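Take a look at the structure below.
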Amino acid sequence: MGGENDRIDRVIAAALRHLPVTVPIAWLAAPWLDVVGDVFLYFGTPQGVRIRKAVRTAIHKYPGCVLVAHSLGSVIVADILNQYMRKRRRGNREVSALVTFGSPLNFLGLSGGARMDHGFPFPWYDLFYPADRIHGRTPLNDKRFPGVISRPMARDQGFVPSHSSYWGSQVVSQLIYQLTVKGGPS
């Protein structure tokens with residue numbers, strides 16, 4: 001999977017070198033262009049099909065799992081679970097909880113403009129830093145994503161640090177611990 005993503009990153013880097021702008025502007029644009037490249041990779045190539053298949057395989061291999069997804073991963077997982085819910089009965093318990101953070105779902109939505117008619121039959125927690133521009137300043141829209149429990153996180157360090165610091169957050173790790181070891185948040 002890394003090969004195609006690396007190729008897209010090289011194309012973006014080459015394009016940035018040819019922009020008639022100063023270094024700080026090119027540096028600020030790079031994360032956004034990388035996100036655009038990743039979105040194209042997921043939605044617009046056969047590699048996106050392979051990504052969805054790999055995630056579905058993992059879900060089936062580990063019934064009752066807690067899915068944890070960051071950034072575009074949250075779009076991929078929500079997409080798969082929404083499709084799964086449309087095809088199967090609502091009470092299926094292959095997933096016990098979903099944790100997303102830094103999610104661009106408010107901007108990107110689900111693939112093909114799909115809608116969520118009802119929430120998942122398990123808890124969905126979405127955590128975000130208000131400065132994280134990939135997520136956006138506001139909670140996930142509960143009309144578009146019913147049942148989501150969207151919580152802002154207190155510490156905020158600016159766009160780039162906030163979007164990349166979730167994995168080291170005690171709030172995130174504590175929630176994942178509570179869901180996987182204790183069976184639910186305290």
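Letters for chains follow the order of the structure tokens (A, B, ...), residue numbers begin at 1 for each chain, and ligand numbers begin at 1 in the order shown.
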With only C-alpha atoms counted and 8 Å as the cut-off, give the residues of range 124-144 of chain A in contact with range 157-181 of chain A, each with its shortest interatomic distance in Å and the pair that gives it, as a Markdown table.
| residue | atom | partner | partner_atom | distance |
| --- | --- | --- | --- | --- |
| A:Leu127 | CA | A:Val172 | CA | 7.7 |
| A:Tyr129 | CA | A:Ser162 | CA | 6.2 |
| A:Ala131 | CA | A:Phe159 | CA | 5.3 |
| A:Asp132 | CA | A:Phe159 | CA | 4.8 |
| A:Arg133 | CA | A:Phe159 | CA | 6.0 |
| A:Ile134 | CA | A:His163 | CA | 7.1 |
**OP:** Pick out each residue of range 26-186 of chain A that DSSP on the backbone tags as strand (DSSP E or B); I need them as a list in words.
**Re:**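 Written out, the strand (DSSP E or B) residues of range 26-186 of chain A are Cys65, Val66, Leu67, Val68, Ala69, His70, Val95, Ser96, Ala97, Leu98, Val99, Thr100, Phe101, Trp124, Tyr125, Asp126, Leu127, Phe128, Val148, Ile149, Ser150, Arg151 and Pro152 of chain A.
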Original post:
Could you name the residues that touch Ser96 in chain A at 7 Å or less, counting only C-alpha atoms, but leaving out those on the same chain fewer than 6 positions away, as a PyMOL selection string?
Top reply: chain A and resi 64-66+122
Original post:
Separation of CA of Tyr62 in chain A and CA of Gln47 in chain A, in Å?
Top reply: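 Atom-to-atom, CA of Tyr62 in chain A and CA of Gln47 in chain A are spaced 22.9 Å apart.
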**OP:** Counting only C-alpha atoms, figure out which residue out of A:Gly113, A:Gly73, A:Pro46, A:Pro185 gets nearest to Tyr125 in chain A.
**Re:**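 Residue with the minimum atom-to-atom distance to Tyr125 in chain A: A:Pro185.
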Original post:
For Ile80 in chain A, which residue among A:Pro63, A:Pro130, A:Pro146, A:Gly48 is the nearest when counting only C-alpha atoms?
Top reply: A:Gly48
**OP:** Identify which of the residues A:His135, A:Asp126, A:Arg50, A:Phe43 lies closest to Ala69 in chain A, counting only C-alpha atoms when measuring atom-to-atom distances.
**Re:**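 Distance minimum relative to Ala69 in chain A lands on A:Asp126.
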Subject >> Residue among A:Ala154, A:Phe120, A:Ile51, A:His60 lying closest to Gln83 in chain A, counting only C-alpha atoms >> reply: A:Phe120
Subject >> d(CA of Gly184 in chain A, CA of Arg137 in chain A) in Å >> reply: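 Spanning CA of Gly184 in chain A to CA of Arg137 in chain A is a straight-line distance of 26.5 Å.
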